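Shown next, in structure tokens, is the structure this report addresses.
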Amino acid sequence: MIVYGDPTRQQTVRTCVERVRADLGGNLDALRDSLIAAGELEQAVADGPGRDRPALLRQVERVTDLVEAAFLGHGSAEEAYGALDDVGREHGGMPLTIHVAEGFAFYTLYPEQYRDAAERWATDHGDERGKQVLVVGVRSIGTTLSAVVAGALQRLGWRVRRITVRPGGHPFQRELRIERAEIGKAQLGLVVDEGPGLSGSSMAAVARAMTAAGIDRGRISFMPGHGNGPGPQASPDVRQWWDQTRSYDVGLQEMRWEGRRLQDVLSARTREACGGEVLHVEDWADVPIPAELPHFGAFARTKFRCILSDGRAVAWKFMGLGGGAEAAAERLSQLAATGWTEGPLGVAMGFVGVPWVDGKIVGPSEANDSFIAQVGRYIAAAAGQIMPADEQQSAIQRLKEMAYWNVKETLGDEAAEVVKGCAAAETGPASSYGDGRTGPGEWIRTPTGTFVKVNCVGHDVDHTTVGRQAVWWDMAGAIVEWGLDERQSGVLIRSAGFQVPVGVLRFCRMAYAAFRVAMCATCEATADAGEGEKLRRAGASYRDELKRALTDR
């Protein structure tokens with residue numbers, strides 16, 4: 001089933017260069033953002049005009065290497081400025097497609113983890129220091145990560161050759177060819193990526209290609225983003241590669257910034273924002289949620305809660321490096337100004353901090369007309385700008401592709417054929433959806449009876465295939481999640497004040513249910529028994545809604 005997506009955005013070389021320059025002279029957080037932007041520029045050139053313009057690719061690879069050196073305190077920002085000026089002057093108007101680096105954007109992955117992992121690898125291979133090592137980064141994120149690993153090894157005295165690749169083919173059976181010339185004189189190989197994911201096939205494909213190009217299999221190591229190994233879609237061959245290949249990873253809990261853990265950094269920022277003493281910091285995922293609500297762990301962002309001595313608390317949620325947290329904080333400020341949610345207290349290390357809201361999580365039994373009307377008004381208030389017609393059509397087509405395959409997997413071929421005729425001729429101008437999570441579990445009723453919307457931002461730029469959609473996505477999501485009948489749906493729609501195209505709303509209901517069925521199945525594969533049962537029940541409920549949406553007229 002289809003759940004995950006590959007978020008992209010369109011930019012020119014000039015815009016990318018400006019993003020790298022903007023933070024290059026700043027503090028550690030700013031330099032990290034500059035490094036991520038440099039890696040994005042290199043990725044876009046490598047996946048775009050790089051094959052036909054090798055001189056340009058070498059230029060942007062040098063930019064990434066120079067910014068990496070500045071980030072880790074081993075190089076001059078001035079030299080990076082000069083290299084950036086050359087790229088912008090010669091190629092500024094060139095259009096590029098940026099693929100979002102998921103680890104930096106969604107999964108709390110820091111470049112510094114790979115510096116530390118490279119140092120561990122170097123320690124283990126100290127008796128082979130005279131040999132050249134080939135560092136292969138798997139794009140997209142592999143541009144930045146390979147630069148960090150290569151830079152760390154070079155500073156330890158290693159001879160390093162760095163390249164990046166993008167394996168192709170089926171997501172669970174990636175393939176790749178590396179030419180012998182790309183290996184050079186390397187005798188050792190390092191495969192660098194944010195994975196492994198569901199199958200682990202991308203990193204295995206790189207290792208296989210390195211072996212075919214002449215590097216001994218026993219001299220290849222993986223440098224992944226975690227130590228959990230590949231997910232449930234890994235083939236026996238891929239599992240064998242992972243079982244037999246040495247891996248080097250440094251987990252988030254092992255990282256230190258000036259001797260402080262991540263939780264310590266967030267605790268210090270809490271004191272700055274709120275005053276008072278922080279008694280302790282807890283993993284927000286450990287905070288109980290209502291027993292009837294499933295937990296979509298595979299899609300959850302890292303969250304911490306800092307408890308102050310006076311009883312207040314601050315919730316810190318990872319919203320992305322490279323500007324993601326800043327954009328989320330700005331959006332939260334806009335929603336808070338209209339009274340729907342709490343405004344941000346600060347940004348740190350890609351996290352956004354907000355006051356913890358005490359109260360009761362609103363469940364399905366409380367969806368009376370008054371509350372439904374409030375949800376409708378919130379959807380209208382949270383909606384973004386009008387989507388261009390071509391973007392709206394492209395977004396609907398993305399949903400249609402997802403829904404077709406998920407319905408086919410869930411309900412069979414006949415139901416999947418219905419999807420083909422179940423879309424959206426009547427689109428017309430529409431605002432973009434503003435939230436994406438409007439159902440039970442996303443609202444708090446405070447002790448004074450006020451409803452506060454939580455978990456408001458970041459869902460249109462996550463790792464799923466949904467992306468930016470028209471506001472009908474939020475409308476359909478509320479109808480499905482609260483189980484609204486026709487009369488209650490009317491309350492929601494009238495309160496939002498939109499003229500809702502009937503066919504489009506029906507399509508979005510169907511697509512939303514198909515998407516959530518797939519989310520449940522994906523998360524169930526790695527959940528424990530109790531959570532798996534909740535996900536199965538939720539999946540059955542979404543399947544029932546999917547059937548209703550497919551048969552409604």
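In the structure tokens, chains take letters A, B, ... by order of appearance, with residues numbered from 1 within each chain and ligands from 1 in the order shown.
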Taking the DSSP secondary structure from the backbone, can you list the residues of range 260-305 of chain A that are strand (DSSP E or B), as a PDB file with N, CA and C atoms, in the first residue's frame?
```pdb
ATOM      1  N   ARG A 260      26.303  18.508  26.531  1.00  0.00           N
ATOM      2  CA  ARG A 260      24.900  18.413  26.935  1.00  0.00           C
ATOM      3  C   ARG A 260      24.119  17.493  26.008  1.00  0.00           C
ATOM      4  N   VAL A 278      13.592  23.696  35.828  1.00  0.00           N
ATOM      5  CA  VAL A 278      13.061  22.508  35.154  1.00  0.00           C
ATOM      6  C   VAL A 278      13.381  21.289  36.013  1.00  0.00           C
ATOM      7  N   LEU A 279      12.332  20.629  36.491  1.00  0.00           N
ATOM      8  CA  LEU A 279      12.538  19.471  37.367  1.00  0.00           C
ATOM      9  C   LEU A 279      13.010  18.251  36.586  1.00  0.00           C
ATOM     10  N   HIS A 280      12.354  17.965  35.472  1.00  0.00           N
ATOM     11  CA  HIS A 280      12.793  16.839  34.654  1.00  0.00           C
ATOM     12  C   HIS A 280      12.234  16.963  33.239  1.00  0.00           C
ATOM     13  N   VAL A 281      12.812  16.167  32.344  1.00  0.00           N
ATOM     14  CA  VAL A 281      12.394  16.127  30.939  1.00  0.00           C
ATOM     15  C   VAL A 281      11.978  14.701  30.627  1.00  0.00           C
ATOM     16  N   GLU A 282      10.804  14.547  30.032  1.00  0.00           N
ATOM     17  CA  GLU A 282      10.310  13.205  29.716  1.00  0.00           C
ATOM     18  C   GLU A 282       9.990  13.100  28.241  1.00  0.00           C
ATOM     19  N   ASP A 283      10.077  11.869  27.741  1.00  0.00           N
ATOM     20  CA  ASP A 283       9.687  11.591  26.360  1.00  0.00           C
ATOM     21  C   ASP A 283       8.186  11.771  26.257  1.00  0.00           C
ATOM     22  N   LYS A 303       9.337  13.945  20.469  1.00  0.00           N
ATOM     23  CA  LYS A 303       8.698  14.937  21.333  1.00  0.00           C
ATOM     24  C   LYS A 303       9.204  14.774  22.757  1.00  0.00           C
ATOM     25  N   PHE A 304       9.429  15.900  23.419  1.00  0.00           N
ATOM     26  CA  PHE A 304       9.805  15.908  24.824  1.00  0.00           C
ATOM     27  C   PHE A 304       8.917  16.897  25.578  1.00  0.00           C
ATOM     28  N   ARG A 305       8.773  16.653  26.881  1.00  0.00           N
ATOM     29  CA  ARG A 305       8.035  17.574  27.737  1.00  0.00           C
ATOM     30  C   ARG A 305       8.906  17.959  28.913  1.00  0.00           C
TER      31      ARG A 305
END
```
If you take only C-alpha atoms and a cut-off of 6 Å, which residues of range 393-458 of chain A touch range 467-479 of chain A, and what are their nearest atom pairs and distances in Å to one decimal, in chain and number order, as a Markdown table?
```
| residue | atom | partner | partner_atom | distance |
| --- | --- | --- | --- | --- |
| A:Ala395 | CA | A:Gln469 | CA | 5.8 |
| A:Ala430 | CA | A:Ala470 | CA | 5.8 |
| A:Ser431 | CA | A:Val471 | CA | 5.5 |
| A:Ser432 | CA | A:Ala470 | CA | 4.2 |
| A:Tyr433 | CA | A:Val471 | CA | 3.8 |
| A:Gly436 | CA | A:Asp474 | CA | 5.5 |
| A:Thr438 | CA | A:Ala478 | CA | 5.5 |
| A:Gly439 | CA | A:Ala478 | CA | 5.6 |
```
For the residues selected in the previous step, produce a file with N, CA and C atoms as a PDB file, in the first residue's frame.
```pdb
ATOM      1  N   ALA A 395      -2.279  17.620  -7.176  1.00  0.00           N
ATOM      2  CA  ALA A 395      -2.474  17.069  -5.829  1.00  0.00           C
ATOM      3  C   ALA A 395      -3.561  16.008  -5.831  1.00  0.00           C
ATOM      4  N   ALA A 430      -9.781  26.944  -4.611  1.00  0.00           N
ATOM      5  CA  ALA A 430      -9.904  26.429  -3.237  1.00  0.00           C
ATOM      6  C   ALA A 430      -8.652  26.780  -2.458  1.00  0.00           C
ATOM      7  N   SER A 431      -8.835  27.085  -1.183  1.00  0.00           N
ATOM      8  CA  SER A 431      -7.704  27.302  -0.293  1.00  0.00           C
ATOM      9  C   SER A 431      -6.987  25.983  -0.040  1.00  0.00           C
ATOM     10  N   SER A 432      -5.728  26.071   0.359  1.00  0.00           N
ATOM     11  CA  SER A 432      -5.021  24.875   0.774  1.00  0.00           C
ATOM     12  C   SER A 432      -5.459  24.505   2.188  1.00  0.00           C
ATOM     13  N   TYR A 433      -5.396  23.200   2.501  1.00  0.00           N
ATOM     14  CA  TYR A 433      -5.788  22.801   3.853  1.00  0.00           C
ATOM     15  C   TYR A 433      -4.723  23.275   4.841  1.00  0.00           C
ATOM     16  N   GLY A 436      -4.684  19.098   8.681  1.00  0.00           N
ATOM     17  CA  GLY A 436      -4.509  17.692   8.345  1.00  0.00           C
ATOM     18  C   GLY A 436      -4.784  16.728   9.478  1.00  0.00           C
ATOM     19  N   THR A 438      -7.607  16.810  12.270  1.00  0.00           N
ATOM     20  CA  THR A 438      -8.745  17.493  12.901  1.00  0.00           C
ATOM     21  C   THR A 438      -9.629  16.544  13.705  1.00  0.00           C
ATOM     22  N   GLY A 439      -9.214  15.290  13.883  1.00  0.00           N
ATOM     23  CA  GLY A 439     -10.067  14.299  14.522  1.00  0.00           C
ATOM     24  C   GLY A 439      -9.837  14.165  16.011  1.00  0.00           C
TER      25      GLY A 439
END
```
Long-range neighbours of Thr302 in chain A as a short mmCIF file (atom, residue, chain, number, x, y, z; two decimals) with C-alpha atoms, in the first residue's frame, 10 Å cut-off, only C-alpha atoms, 3 positions minimum in chain:
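Result file follows (selection-v4.cif):
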```
data_model
loop_
_atom_site.label_atom_id
_atom_site.label_comp_id
_atom_site.auth_asym_id
_atom_site.auth_seq_id
_atom_site.Cartn_x
_atom_site.Cartn_y
_atom_site.Cartn_z
CA PHE A 106 11.08 14.55 9.98
CA TYR A 107 13.23 12.04 11.88
CA THR A 108 15.50 14.03 14.24
CA ASP A 283 9.69 11.59 26.36
CA TRP A 284 6.33 12.98 25.27
CA ALA A 285 5.55 9.63 23.62
CA PHE A 299 4.86 8.64 11.62
CA TRP A 316 8.99 20.38 22.46
CA LYS A 317 8.28 18.73 19.12
CA PHE A 318 10.76 18.14 16.30
CA MET A 319 9.61 20.10 13.25
CA PHE A 351 12.28 21.63 17.80
#
```
Can you pull out every residue within 12 Å of Ser333 in chain A, counting only C-alpha atoms, but drop anything in the same chain fewer than 4 positions away, and send it as a list in words?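 The residues satisfying every condition are Glu326, Ala327, Ala328, Ala329, Ala337, Thr338, Gly339, Trp340, Thr341, Glu342, Gly343, Pro344, Leu345, Gly346, Val352, Gly353, Val354, Ala382, Cys456 and Val457 of chain A.
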Could you list, with a cut-off of 7 Å and counting only C-alpha atoms, the residues of range 80-168 of chain A near range 193-201 of chain A, each shown with its nearest atom pair and the distance in Å rounded to one decimal, rows sorted by chain and ascending number, as CSV?
```
residue,atom,partner,partner_atom,distance
A:Gly103,CA,A:Glu194,CA,6.0
A:Gly137,CA,A:Asp193,CA,6.1
A:Val138,CA,A:Asp193,CA,5.4
A:Ile141,CA,A:Asp193,CA,6.7
A:Gly142,CA,A:Asp193,CA,5.4
```
Pick out the residues sitting within 9 Å of Thr143 in chain A, and hand them over as a ChimeraX atom specification; count only C-alpha atoms, and ignore anything fewer than 6 positions along from it in its own chain. /A:36,38-40,42-43,61,64,136-137,163-165
Residues at most 12 Å from Arg19 in chain A, counting only C-alpha atoms, excluding those fewer than 6 positions away in the same chain, as number ranges by chain? A: 11-13, 25, 30-41, 81, 84, 88, 322-323
Output of the above residues as a PDB file, in the first residue's frame, restricted to C-alpha atoms:
```
ATOM      1  CA  GLN A  11      13.953  26.408  -6.905  1.00  0.00           C
ATOM      2  CA  THR A  12      16.604  28.091  -8.996  1.00  0.00           C
ATOM      3  CA  VAL A  13      20.309  27.761  -8.393  1.00  0.00           C
ATOM      4  CA  GLY A  25      28.079  33.236   9.235  1.00  0.00           C
ATOM      5  CA  ALA A  30      22.535  28.403  11.572  1.00  0.00           C
ATOM      6  CA  LEU A  31      25.624  26.700  10.146  1.00  0.00           C
ATOM      7  CA  ARG A  32      23.824  23.358  10.299  1.00  0.00           C
ATOM      8  CA  ASP A  33      20.990  24.831   8.233  1.00  0.00           C
ATOM      9  CA  SER A  34      23.543  26.195   5.774  1.00  0.00           C
ATOM     10  CA  LEU A  35      25.118  22.739   5.428  1.00  0.00           C
ATOM     11  CA  ILE A  36      21.718  21.152   4.808  1.00  0.00           C
ATOM     12  CA  ALA A  37      20.961  23.776   2.146  1.00  0.00           C
ATOM     13  CA  ALA A  38      24.334  23.095   0.488  1.00  0.00           C
ATOM     14  CA  GLY A  39      23.535  19.386   0.400  1.00  0.00           C
ATOM     15  CA  GLU A  40      20.163  20.165  -1.187  1.00  0.00           C
ATOM     16  CA  LEU A  41      21.887  22.189  -3.900  1.00  0.00           C
ATOM     17  CA  TYR A  81      31.269  32.377   0.179  1.00  0.00           C
ATOM     18  CA  LEU A  84      28.962  30.082  -3.750  1.00  0.00           C
ATOM     19  CA  GLY A  88      25.432  31.741  -8.472  1.00  0.00           C
ATOM     20  CA  GLY A 322      16.970  23.503   7.619  1.00  0.00           C
ATOM     21  CA  GLY A 323      14.189  25.977   8.381  1.00  0.00           C
TER      22      GLY A 323
END
```
Need to verify the contact set: Pro171 in chain A, 12 Å, only C-alpha atoms, exclusion of same-chain residues closer than 3 positions in sequence. Can you return it as a CSV table (one decimal) with C-alpha atoms, in the first residue's frame?
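The resulting around-v7.csv:
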```
chain,number,residue,atom,x,y,z
A,1,MET,CA,0.0,0.0,0.0
A,2,ILE,CA,1.0,3.6,-0.6
A,4,TYR,CA,5.1,7.4,2.0
A,5,GLY,CA,5.9,10.1,-0.5
A,6,ASP,CA,9.0,12.0,-1.8
A,166,ARG,CA,20.6,7.4,-6.4
A,167,PRO,CA,19.6,3.7,-6.7
A,168,GLY,CA,16.6,3.0,-8.9
A,174,ARG,CA,16.6,-1.1,-5.5
A,175,GLU,CA,19.3,-1.5,-8.1
A,196,PRO,CA,17.4,1.6,6.5
A,197,GLY,CA,13.7,1.9,5.9
A,198,LEU,CA,11.0,-0.7,5.2
A,199,SER,CA,13.3,-2.8,3.0
A,200,GLY,CA,16.9,-1.6,3.5
A,201,SER,CA,17.4,-2.2,-0.2
A,202,SER,CA,18.9,1.1,-1.2
A,203,MET,CA,22.0,0.7,1.0
A,205,ALA,CA,22.2,-2.1,-3.6
A,233,GLN,CA,9.8,-5.5,3.5
A,234,ALA,CA,13.4,-6.6,3.4
A,235,SER,CA,14.1,-9.5,1.0
```
For Arg537 in chain A, the nearest of the candidates A:Glu292, A:Asp243, A:Asp462, A:Asp127, counting only C-alpha atoms: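 Smallest distance to Arg537 in chain A is found for A:Glu292.
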What does the distance from CA of Tyr248 in chain A to CA of Ala46 in chain A come to in Å, to one decimal?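 Rounded to one decimal, the two atoms are 26.0 Å apart.
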Selected residue of minimal separation from Gly449 in chain A among A:Ala207, A:Ala540, A:Ile361, A:Leu96, counting only C-alpha atoms: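 Smallest distance to Gly449 in chain A is found for A:Ile361.
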